[in-house]
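Heads up, my_file36.txt below (compact mmCIF, C-alpha atoms):
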```
# COMPACT_ATOMS: atom_id res chain seq x y z
CA MET A 1389 0.00 0.00 0.00
CA GLY A 1390 1.03 3.61 0.13
CA ASP A 1391 0.87 6.17 -2.64
CA ALA A 1392 0.04 4.51 -5.94
CA ASN A 1393 1.89 7.36 -7.65
CA VAL A 1394 5.38 5.91 -8.07
CA ALA A 1395 6.85 9.41 -8.46
CA ASN A 1396 6.80 9.62 -4.66
CA LYS A 1397 9.39 6.86 -4.15
CA ARG A 1398 12.31 7.32 -1.78
CA LYS A 1399 15.64 7.82 -3.52
CA THR A 1400 17.90 6.43 -0.78
CA PRO A 1401 17.54 3.81 2.00
CA PHE A 1402 16.48 5.22 5.34
CA PRO A 1403 19.19 5.06 8.02
CA ASN A 1404 18.83 3.40 11.40
CA PHE A 1405 17.24 5.42 14.19
CA LYS A 1406 19.96 5.62 16.84
CA SER A 1407 18.02 5.62 20.09
CA THR A 1408 18.57 8.58 22.39
CA GLU A 1409 16.80 6.90 25.31
CA PRO A 1410 18.44 4.52 27.82
CA PRO A 1411 17.45 0.86 27.39
CA GLU A 1412 14.21 -0.17 29.05
CA THR A 1413 12.97 -3.62 29.96
CA PRO A 1414 11.40 -5.02 26.77
CA PRO A 1415 7.68 -5.84 26.93
CA ALA A 1416 8.20 -9.60 26.53
CA ALA A 1417 10.31 -9.69 29.70
CA LEU A 1418 7.38 -8.12 31.56
CA GLY A 1419 4.89 -10.71 30.30
CA PHE A 1420 3.33 -8.77 27.40
CA HIS A 1421 2.55 -10.41 24.06
CA LEU A 1422 0.67 -9.70 20.84
CA PRO A 1423 -2.68 -11.57 20.86
CA ALA A 1424 -4.06 -13.37 17.82
CA GLU A 1425 -6.55 -11.45 15.71
CA TRP A 1426 -9.48 -13.79 16.46
CA GLU A 1427 -9.22 -13.15 20.21
CA PRO A 1428 -11.89 -10.76 21.58
CA HIS A 1429 -11.51 -7.10 20.62
CA GLU A 1430 -12.41 -3.99 22.54
CA ALA A 1431 -12.27 -1.99 19.31
CA THR A 1432 -10.93 -1.81 15.77
CA TRP A 1433 -8.80 1.17 14.79
CA ILE A 1434 -8.96 2.72 11.33
CA THR A 1435 -7.88 6.00 9.75
CA TRP A 1436 -10.57 7.74 7.77
CA PRO A 1437 -9.31 8.10 4.15
CA HIS A 1438 -8.08 11.62 3.44
CA ASN A 1439 -5.05 11.39 1.15
CA LYS A 1440 -6.37 11.35 -2.42
CA GLY A 1441 -2.90 10.37 -3.63
CA ASP A 1442 -3.45 6.92 -2.15
CA TRP A 1443 -6.09 6.28 -4.82
CA PRO A 1444 -5.23 8.67 -7.68
CA GLY A 1445 -8.25 9.14 -9.91
CA LYS A 1446 -10.37 6.69 -7.87
CA PHE A 1447 -10.79 8.35 -4.48
CA SER A 1448 -14.53 9.10 -4.61
CA PRO A 1449 -15.79 5.54 -3.86
CA ILE A 1450 -13.25 4.87 -1.11
CA PRO A 1451 -15.10 6.51 1.84
CA TRP A 1452 -18.12 4.38 0.96
CA VAL A 1453 -16.03 1.21 1.07
CA TYR A 1454 -14.77 2.28 4.49
CA GLY A 1455 -18.37 2.93 5.51
CA GLU A 1456 -19.33 -0.63 4.58
CA ILE A 1457 -16.39 -2.04 6.51
CA VAL A 1458 -17.32 -0.03 9.61
CA ARG A 1459 -20.96 -1.13 9.23
CA LYS A 1460 -19.90 -4.78 9.40
CA ILE A 1461 -17.53 -4.29 12.36
CA THR A 1462 -19.64 -2.16 14.72
CA PRO A 1463 -22.25 -4.80 15.68
CA GLY A 1464 -19.47 -6.59 17.55
CA GLU A 1465 -17.15 -3.82 18.77
CA ARG A 1466 -16.41 -0.12 18.70
CA VAL A 1467 -14.48 1.51 15.89
CA CYS A 1468 -11.82 4.07 16.79
CA ALA A 1469 -11.36 6.33 13.78
CA LEU A 1470 -8.43 8.68 13.31
CA ALA A 1471 -9.36 11.93 11.56
CA PRO A 1472 -6.83 14.69 10.87
CA SER A 1473 -9.34 17.54 11.18
CA SER A 1474 -12.91 18.44 12.15
CA ILE A 1475 -13.83 18.61 8.45
CA HIS A 1476 -12.76 14.99 7.93
CA GLU A 1477 -14.69 13.93 11.02
CA ILE A 1478 -17.83 15.65 9.70
CA LEU A 1479 -17.43 14.01 6.28
CA ALA A 1480 -16.83 10.60 7.86
CA SER A 1481 -19.85 10.95 10.15
CA LYS A 1482 -22.05 11.79 7.18
CA VAL A 1483 -20.97 8.69 5.26
CA LEU A 1484 -21.37 6.45 8.29
CA ARG A 1485 -24.82 7.84 9.04
CA GLN A 1486 -25.95 7.29 5.46
CA VAL A 1487 -24.85 3.64 5.45
CA GLY A 1488 -26.61 2.98 8.74
CA VAL A 1489 -23.79 2.91 11.31
CA ASP A 1490 -24.75 3.64 14.91
CA ALA A 1491 -22.80 6.83 15.74
CA ALA A 1492 -22.43 5.69 19.36
CA ARG A 1493 -20.25 2.81 18.15
CA VAL A 1494 -17.65 5.09 16.56
CA GLN A 1495 -15.12 7.22 18.48
CA PHE A 1496 -13.03 9.79 16.62
CA PHE A 1497 -9.48 10.77 17.53
CA ARG A 1498 -7.93 13.97 16.15
CA ILE A 1499 -4.58 12.44 15.18
CA PRO A 1500 -2.91 13.58 11.94
CA SER A 1501 -1.44 11.07 9.50
CA ASN A 1502 0.02 10.99 6.01
CA ARG A 1503 -2.11 8.10 4.81
CA GLY A 1504 -4.77 5.70 6.01
CA TRP A 1505 -3.03 2.32 6.38
CA THR A 1506 -3.62 1.79 10.10
CA ARG A 1507 -2.27 -1.79 10.14
CA ASP A 1508 1.19 -0.43 9.43
CA VAL A 1509 1.25 2.85 11.37
CA GLY A 1510 -1.42 2.53 14.06
CA PRO A 1511 -1.02 1.37 17.66
CA ILE A 1512 0.05 -2.29 17.97
CA PHE A 1513 -1.51 -3.43 21.22
CA LEU A 1514 0.10 -5.93 23.57
CA ARG A 1515 -1.65 -7.68 26.44
CA ARG A 1516 -0.41 -9.00 29.74
CA ALA A 1517 -2.36 -11.79 31.35
CA PRO A 1518 -4.04 -11.15 34.74
CA ALA A 1519 -1.66 -13.46 36.59
CA ALA A 1520 1.28 -11.30 35.50
CA ALA A 1521 -0.37 -7.96 36.34
CA ILE A 1522 1.39 -5.72 38.85
CA PRO A 1523 -0.49 -5.40 42.15
CA ALA A 1524 -1.86 -1.93 42.71
CA ASP A 1525 -0.25 0.29 45.31
CA SER A 1526 -0.47 3.94 46.18
CA GLU A 1527 2.88 4.79 44.59
CA SER A 1528 2.81 2.92 41.26
CA GLY A 1529 -0.90 3.12 40.53
CA GLY A 1530 -0.50 -0.17 38.67
CA PRO A 1531 -3.42 -2.43 37.78
CA SER A 1532 -4.75 -4.70 40.48
CA ALA A 1533 -4.04 -8.42 40.38
CA GLY A 1534 -6.66 -10.17 38.28
CA ALA A 1535 -6.92 -7.38 35.71
CA ALA A 1536 -5.41 -7.84 32.26
CA GLU A 1537 -3.24 -4.95 31.14
CA LEU A 1538 -2.87 -3.41 27.68
CA ALA A 1539 0.13 -1.58 26.32
CA VAL A 1540 1.19 -0.16 22.96
CA VAL A 1541 4.51 -1.04 21.39
CA ARG A 1542 5.66 1.79 19.17
CA PHE A 1543 7.64 0.60 16.14
CA ARG A 1544 9.19 3.27 13.95
CA PHE A 1545 7.74 3.81 10.48
CA THR A 1546 9.61 5.07 7.41
CA GLY A 1547 7.03 4.92 4.62
CA TRP A 1548 7.78 1.26 3.85
CA ALA A 1549 11.37 2.44 3.19
CA LYS A 1550 10.03 3.72 -0.12
CA TYR A 1551 7.86 6.84 0.11
CA GLN A 1552 8.91 10.30 1.20
CA GLU A 1553 5.92 11.40 3.28
CA TRP A 1554 5.88 9.40 6.51
CA ARG A 1555 6.68 11.63 9.48
CA LEU A 1556 3.07 12.11 10.63
CA ASP A 1557 2.46 8.36 10.26
CA ASP A 1558 5.55 7.69 12.39
CA GLY A 1559 3.88 9.47 15.32
CA VAL A 1560 0.41 7.87 15.14
CA ALA A 1561 1.04 4.97 17.53
CA GLN A 1562 2.57 7.19 20.20
CA ARG A 1563 -0.26 9.73 20.00
CA ALA A 1564 -2.90 6.99 20.15
CA ALA A 1565 -1.30 5.52 23.28
CA GLN A 1566 -1.27 8.98 24.86
CA ALA A 1567 -4.93 9.52 23.97
CA LEU A 1568 -5.84 6.25 25.70
CA GLY A 1569 -3.54 6.75 28.66
CA CYS A 1570 -1.96 3.45 27.69
CA ARG A 1571 1.51 2.26 28.66
CA LEU A 1572 3.93 2.81 25.76
CA PHE A 1573 6.99 0.76 24.87
CA SER A 1574 9.53 1.92 22.30
CA ALA A 1575 10.53 -1.08 20.19
CA ARG A 1576 14.29 -1.56 20.18
CA ALA A 1577 16.84 -3.70 18.39
CA GLY A 1578 19.97 -3.25 20.44
CA ASP A 1579 20.91 0.44 20.40
CA TYR A 1580 18.44 1.28 17.62
CA ASP A 1581 14.72 1.89 17.38
CA PHE A 1582 13.20 -0.97 15.40
CA VAL A 1583 11.30 -0.27 12.17
CA LEU A 1584 8.35 -2.59 11.53
CA GLU A 1585 4.90 -2.42 9.92
CA GLY A 1586 1.98 -4.41 11.25
CA GLY A 1587 1.36 -6.03 7.87
CA ALA A 1588 4.83 -7.59 8.00
CA ILE A 1589 3.93 -9.98 10.83
CA GLU A 1590 1.29 -12.60 11.58
CA VAL A 1591 0.95 -14.25 15.01
CA ASN A 1592 -1.04 -17.13 16.49
CA GLY A 1593 -1.09 -15.61 19.99
CA GLN A 1594 0.70 -18.65 21.43
CA GLY A 1595 4.29 -17.72 20.61
CA THR A 1596 4.72 -18.05 16.84
CA VAL A 1597 5.17 -15.22 14.36
CA VAL A 1598 5.34 -15.56 10.57
CA THR A 1599 7.13 -13.03 8.39
CA THR A 1600 9.12 -12.87 5.14
CA GLU A 1601 12.79 -12.52 4.34
CA GLU A 1602 11.95 -10.19 1.47
CA CYS A 1603 10.46 -7.64 3.86
CA LEU A 1604 12.54 -7.81 7.04
CA LEU A 1605 15.95 -9.04 5.84
CA ASP A 1606 16.32 -7.08 2.60
CA GLN A 1607 19.45 -4.93 2.58
CA ALA A 1608 19.20 -3.60 -0.98
CA THR A 1609 15.74 -2.48 -2.08
CA GLN A 1610 13.44 -1.36 0.77
CA VAL A 1611 15.66 -1.45 3.82
CA ARG A 1612 13.81 -1.03 7.10
CA ASN A 1613 16.69 -1.74 9.49
CA PRO A 1614 20.06 -1.31 7.75
CA GLY A 1615 22.74 -3.69 8.94
CA LEU A 1616 20.58 -5.88 11.18
CA SER A 1617 21.18 -9.62 10.83
CA ARG A 1618 18.54 -12.35 10.87
CA GLU A 1619 19.46 -13.12 14.46
CA GLN A 1620 19.08 -9.47 15.50
CA VAL A 1621 15.70 -9.17 13.77
CA GLU A 1622 14.49 -12.36 15.45
CA ALA A 1623 15.62 -11.06 18.83
CA ALA A 1624 13.76 -7.79 18.22
CA LEU A 1625 10.59 -9.68 17.32
CA ARG A 1626 10.85 -11.82 20.45
CA ASP A 1627 11.55 -8.88 22.75
CA ASN A 1628 8.87 -6.54 21.38
CA LEU A 1629 6.03 -8.93 20.46
CA GLY A 1630 6.37 -11.59 23.14
CA VAL A 1631 6.92 -14.40 20.63
CA THR A 1632 9.31 -17.33 21.00
CA ASN A 1633 9.24 -18.87 17.52
CA VAL A 1634 9.88 -17.14 14.17
CA LEU A 1635 8.83 -18.77 10.88
CA TRP A 1636 10.46 -17.29 7.79
CA LEU A 1637 8.79 -17.31 4.39
CA GLY A 1638 10.59 -16.08 1.28
CA ARG A 1639 8.94 -13.56 -1.06
CA GLY A 1640 5.60 -11.79 -1.15
CA ILE A 1641 3.19 -11.39 -4.05
CA ALA A 1642 3.45 -9.44 -7.30
CA GLY A 1643 2.17 -5.86 -7.13
CA ASP A 1644 2.90 -5.48 -3.41
CA ASP A 1645 4.75 -2.20 -2.96
CA THR A 1646 5.67 -3.10 0.64
CA HIS A 1647 8.24 -5.60 -0.67
CA GLY A 1648 6.91 -8.72 0.99
CA HIS A 1649 4.21 -8.12 3.59
CA VAL A 1650 3.03 -11.46 4.90
CA ASP A 1651 -0.62 -10.38 5.24
CA ASP A 1652 -1.04 -10.63 1.47
CA LEU A 1653 -0.08 -14.29 1.32
CA CYS A 1654 -0.20 -16.21 4.62
CA ARG A 1655 -2.45 -15.87 7.68
CA PHE A 1656 -3.30 -17.81 10.82
CA VAL A 1657 -6.96 -18.82 11.13
CA ASN A 1658 -6.43 -20.59 14.45
CA SER A 1659 -3.43 -21.29 16.65
CA ARG A 1660 -2.32 -24.30 14.58
CA THR A 1661 -3.53 -23.55 11.03
CA LEU A 1662 -2.21 -21.17 8.40
CA VAL A 1663 -3.93 -20.35 5.14
CA LEU A 1664 -1.45 -19.85 2.33
CA SER A 1665 -2.32 -18.24 -0.98
CA ARG A 1666 -1.96 -20.52 -4.00
CA GLU A 1667 -1.53 -19.52 -7.64
CA SER A 1668 -2.67 -22.25 -10.06
CA ASN A 1669 -1.21 -20.68 -13.22
CA PRO A 1670 2.48 -21.66 -13.55
CA ASP A 1671 3.07 -18.72 -15.86
CA ASP A 1672 1.99 -16.16 -13.27
CA PRO A 1673 4.81 -14.36 -11.37
CA ASN A 1674 3.25 -15.45 -8.07
CA TYR A 1675 3.37 -19.17 -8.84
CA ARG A 1676 6.98 -19.92 -7.97
CA ALA A 1677 7.15 -17.65 -4.91
CA LEU A 1678 4.00 -19.14 -3.38
CA GLU A 1679 5.13 -22.71 -4.09
CA GLU A 1680 8.46 -22.01 -2.43
CA ASN A 1681 6.61 -20.70 0.62
CA ARG A 1682 4.49 -23.85 0.68
CA GLU A 1683 7.65 -25.95 0.66
CA ARG A 1684 9.02 -23.99 3.61
CA LEU A 1685 5.85 -24.55 5.62
CA GLU A 1686 6.04 -28.32 5.06
CA ASP A 1687 8.98 -28.40 7.46
CA ALA A 1688 7.83 -25.59 9.75
CA ARG A 1689 7.12 -26.18 13.42
CA LEU A 1690 5.02 -24.24 15.88
CA GLU A 1691 6.21 -23.01 19.26
CA ASP A 1692 5.48 -26.42 20.85
CA GLY A 1693 7.33 -28.37 18.15
CA SER A 1694 4.21 -29.57 16.33
CA LYS A 1695 3.78 -29.27 12.57
CA VAL A 1696 1.93 -26.33 11.08
CA GLN A 1697 -1.37 -27.23 9.45
CA VAL A 1698 -1.60 -25.53 6.04
CA ALA A 1699 -4.79 -24.82 4.06
CA ARG A 1700 -4.68 -23.35 0.58
CA LEU A 1701 -6.47 -20.16 -0.38
CA PRO A 1702 -6.85 -19.36 -4.10
CA MET A 1703 -5.58 -16.21 -5.73
CA PRO A 1704 -7.89 -14.08 -7.87
CA ALA A 1705 -6.98 -13.57 -11.51
CA PRO A 1706 -4.35 -10.85 -12.00
CA LEU A 1707 -5.84 -7.41 -11.54
CA TYR A 1708 -4.41 -4.34 -13.28
CA PHE A 1709 -5.26 -0.66 -13.32
CA ASP A 1710 -3.56 1.92 -15.49
CA GLY A 1711 -1.04 -0.74 -16.50
CA GLN A 1712 -0.01 -1.54 -12.91
CA ARG A 1713 -0.32 -5.00 -11.32
CA LEU A 1714 -2.26 -4.71 -8.07
CA PRO A 1715 -1.75 -6.86 -4.94
CA ALA A 1716 -5.21 -8.44 -5.04
CA SER A 1717 -5.33 -11.25 -2.48
CA TYR A 1718 -8.00 -12.93 -0.38
CA ALA A 1719 -5.42 -13.37 2.40
CA ASN A 1720 -5.86 -9.70 3.31
CA PHE A 1721 -9.00 -10.52 5.32
CA TYR A 1722 -9.73 -9.13 8.79
CA ILE A 1723 -11.18 -11.10 11.71
CA SER A 1724 -13.45 -8.82 13.75
CA ASN A 1725 -15.68 -9.86 16.66
CA ALA A 1726 -18.81 -9.88 14.50
CA ALA A 1727 -17.53 -11.13 11.14
CA VAL A 1728 -14.57 -12.08 8.98
CA LEU A 1729 -14.29 -9.40 6.28
CA VAL A 1730 -12.75 -10.69 3.05
CA PRO A 1731 -11.79 -8.58 0.01
CA THR A 1732 -13.51 -9.71 -3.20
CA PHE A 1733 -12.67 -8.84 -6.79
CA ASN A 1734 -15.58 -9.84 -9.07
CA ASP A 1735 -13.68 -13.06 -9.69
CA PRO A 1736 -14.87 -16.70 -9.88
CA ASN A 1737 -12.53 -17.51 -6.99
CA ASP A 1738 -14.37 -15.05 -4.72
CA ARG A 1739 -16.87 -17.77 -3.84
CA VAL A 1740 -14.12 -20.38 -3.34
CA ALA A 1741 -12.19 -18.11 -0.99
CA LEU A 1742 -15.26 -17.19 1.05
CA GLY A 1743 -16.23 -20.86 1.34
CA THR A 1744 -12.73 -21.91 2.38
CA LEU A 1745 -12.54 -19.29 5.11
CA ALA A 1746 -16.07 -20.10 6.31
CA GLU A 1747 -15.01 -23.72 6.87
CA LEU A 1748 -11.83 -22.71 8.66
CA ILE A 1749 -13.36 -19.95 10.84
CA PRO A 1750 -16.80 -21.39 11.74
CA ASP A 1751 -17.54 -19.25 14.80
CA ARG A 1752 -18.51 -16.03 12.93
CA PRO A 1753 -19.92 -15.17 9.50
CA VAL A 1754 -17.56 -14.64 6.57
CA VAL A 1755 -18.52 -11.55 4.56
CA GLY A 1756 -17.19 -10.33 1.23
CA ILE A 1757 -16.28 -6.65 0.77
CA HIS A 1758 -15.98 -5.38 -2.81
CA ALA A 1759 -12.34 -4.27 -3.05
CA ILE A 1760 -11.56 -3.53 -6.70
CA ASP A 1761 -11.45 0.21 -6.00
CA LEU A 1762 -9.77 -0.23 -2.63
CA VAL A 1763 -6.86 -2.30 -3.95
CA TRP A 1764 -5.82 0.55 -6.27
CA GLY A 1765 -4.32 1.98 -3.08
CA LEU A 1766 -2.14 -1.17 -3.01
CA GLY A 1767 -3.81 -2.62 0.06
CA THR A 1768 -7.23 -3.80 1.25
CA ILE A 1769 -9.08 -4.67 4.46
CA HIS A 1770 -6.37 -6.05 6.73
CA CYS A 1771 -4.07 -3.19 5.73
CA LEU A 1772 -6.49 -0.52 6.97
CA THR A 1773 -7.51 -2.11 10.30
CA GLN A 1774 -5.78 -2.64 13.66
CA PRO A 1775 -7.44 -4.50 16.55
CA GLN A 1776 -7.43 -3.36 20.16
CA PRO A 1777 -7.77 -6.46 22.38
CA LYS A 1778 -10.14 -6.62 25.30
```

Could you rewrite the structure in this file as structure tokens?
Amino acid sequence: MGDANVANKRKTPFPNFKSTEPPETPPAALGFHLPAEWEPHEATWITWPHNKGDWPGKFSPIPWVYGEIVRKITPGERVCALAPSSIHEILASKVLRQVGVDAARVQFFRIPSNRGWTRDVGPIFLRRAPAAAIPADSESGGPSAGAAELAVVRFRFTGWAKYQEWRLDDGVAQRAAQALGCRLFSARAGDYDFVLEGGAIEVNGQGTVVTTEECLLDQATQVRNPGLSREQVEAALRDNLGVTNVLWLGRGIAGDDTHGHVDDLCRFVNSRTLVLSRESNPDDPNYRALEENRERLEDARLEDGSKVQVARLPMPAPLYFDGQRLPASYANFYISNAAVLVPTFNDPNDRVALGTLAELIPDRPVVGIHAIDLVWGLGTIHCLTQPQPK
């Protein structure tokens, strides 16, 4: 995702952020971890679309797509919507009212941003189980024993190491934590702040994270953390997400301007099962990359040493706009409390994908969201949402 106008690309890799703060105890050492997406939510965070450059020439339908997404989420949880100004809040409220969203289920936050891809720039919430909570006392004001605790881990953001406008996005997570009065951790990798987007990781909530080498280990094209080794990246993931087991896939899908986000190709649907996108046409650029990822998962093990269960999810036919291949993928679904929202593309495989996910996630309805306009922004439903756990 990002700006579909390639003229806005970065010209040079972004350097490491040398941390100016003394080291703090990482969240994992204090018992915090990133829950799985299907665990109960308090809310879903989005950013109301406001940057027309994200969808050049196709912006007008996008607020209505957002409205439909919010309409499907709010029966099961609140939506926290970032809006850069009062004008954007008024425009958003009008759309939501017209599509039938209960206004009491939406809370607006006046937090500026460059774009609207909340998965990558929004607050990534960690949770600490009640047994690990700090007993309350008059000095610390900590939570009482028996109460789960939430925190935000703030990863740095550099426009996917590609786009020039990112500085407002880089501050979204910190400002959201401040607005909530939530504990804030600064993600570190040794002496450096760690750069990571939410779409680059997928967790099962039990200790395993899946990511790709193309995204997190690249040192030539879109370099998030210059000079960091595989071992250093794994340590940063363990320390800041509370995981113990890292599964590495290879490359992402064609058309993905993030250079390998895992949420376009491979997702957990329960703690033991991953869905992996499959391309049936051997002449398609995605075929070899997805088959290589399948081969990797054949030997993969979960945090307890057991084998990963893998289900296959079809790919839609290649989708182009203005001569550009788009990252259309059913794997970019979002699991909310009330429904699983799946991007659809007026493709025969829409029905196959919806049926596959309905079998794998039987505890809530699976709903298709028309995403042909949305994907012109180079991302769809998972890319624009971020869950806040209960």

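Minimum atom-to-atom distances from A:Gly1578, A:Pro1518, A:Gly1445, A:Gly1547 to Lys1406 in chain A were compared using only C-alpha atoms, and the lowest value belongs to A:Gly1578.
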
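Proximity ranking of A:Glu1602, A:Glu1465, A:Glu1553, A:Asp1627 relative to Leu1514 in chain A places A:Asp1627 first, based on only C-alpha atoms.
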
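Summary of the local environment: counting only C-alpha atoms, residues at most 8 Å from Ile1450 in chain A, other than itself and those fewer than 2 positions away along its chain, are Pro1437, Lys1446, Phe1447, Ser1448, Trp1452, Val1453, Tyr1454, Asp1761 and Leu1762 of chain A.
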
Task: Spatial neighbours of Thr1413 in chain A, max dist 12 Å, all atoms listed in the file, sep filter under 4 positions, as number ranges by chain - done: A: 1417-1420, 1572-1576, 1578, 1627-1628

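Nearest-residue note for Asp1692 in chain A: choosing from A:Arg1660, A:Arg1676, A:Arg1612, A:Arg1571, the minimum distance belongs to A:Arg1660, counting only C-alpha atoms.
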
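Minimum atom-to-atom distances from A:Trp1548, A:Leu1637, A:Val1541, A:Ala1719 to Glu1683 in chain A were compared using all atoms listed in the file, and the lowest value belongs to A:Leu1637.
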
Open item on the list: Residues within 12 Å of range 1701-1704 of chain A, please, as a ChimeraX atom specification. Count all atoms listed in the file; anything in the same chain fewer than 4 positions from it doesn't count.
Closed with: /A:1641-1642,1652-1657,1662-1669,1672-1675,1678,1682,1708,1714-1721,1730-1748,1759-1760

Task: 10 Å contact set for Leu1568 in chain A, only C-alpha atoms, chain neighbours under 5 positions out, as a list in words - done: Ala1539, Val1540 and Arg1563 of chain A

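Taking CA of Trp1443 in chain A as the reference point, CA of Gln1712 in chain A is found at 12.8 Å.
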
Task: Which of A:His1421, A:Arg1507, A:Arg1515, A:Arg1700 sits closest to Thr1768 in chain A [using only C-alpha atoms] - done: A:Arg1507

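Shortest separation to Gly1488 in chain A among A:Arg1459, A:Asp1751, A:Gly1464, A:Thr1596 occurs at residue A:Arg1459, atoms counted being only C-alpha atoms.
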
TODO: To one decimal in Å, tell me the separation between CA of Ala1564 in chain A and CA of Ser1659 in chain A.
DONE: 28.5 Å

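You will find CA of Ser1473 in chain A at 6.3 Å from CA of Arg1498 in chain A.
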
Kindly provide, as JSON, the centre and edge lengths (Å, one decimal) of an axis-aligned box around all atoms of range 1665-1683 of chain A given in the file, with 8 Å on each side.
```
{"center_x": 2.9, "center_y": -20.2, "center_z": -7.6, "size_x": 27.1, "size_y": 27.6, "size_z": 32.5}
```

Task: Polymer residues at most 9 Å from (-17.7, -10.6, 10.4) by only C-alpha atoms, as a list in words - done: Lys1460, Ile1461, Gly1464, Tyr1722, Ile1723, Ser1724, Asn1725, Ala1726, Ala1727, Val1728, Leu1729, Val1730, Arg1752, Pro1753, Val1754 and Val1755 of chain A

Would you mind listing what lies within 7 Å of Val1634 in chain A as a PDB file with C-alpha atoms, keeping the file's coordinate frame, with only C-alpha atoms counted and same-chain residues fewer than 3 positions away left out?
```
ATOM      1  CA  THR A1596       4.720 -18.050  16.840  1.00  0.00           C
ATOM      2  CA  VAL A1597       5.170 -15.220  14.360  1.00  0.00           C
ATOM      3  CA  VAL A1598       5.340 -15.560  10.570  1.00  0.00           C
ATOM      4  CA  GLU A1622      14.490 -12.360  15.450  1.00  0.00           C
TER       5      GLU A1622
END
```
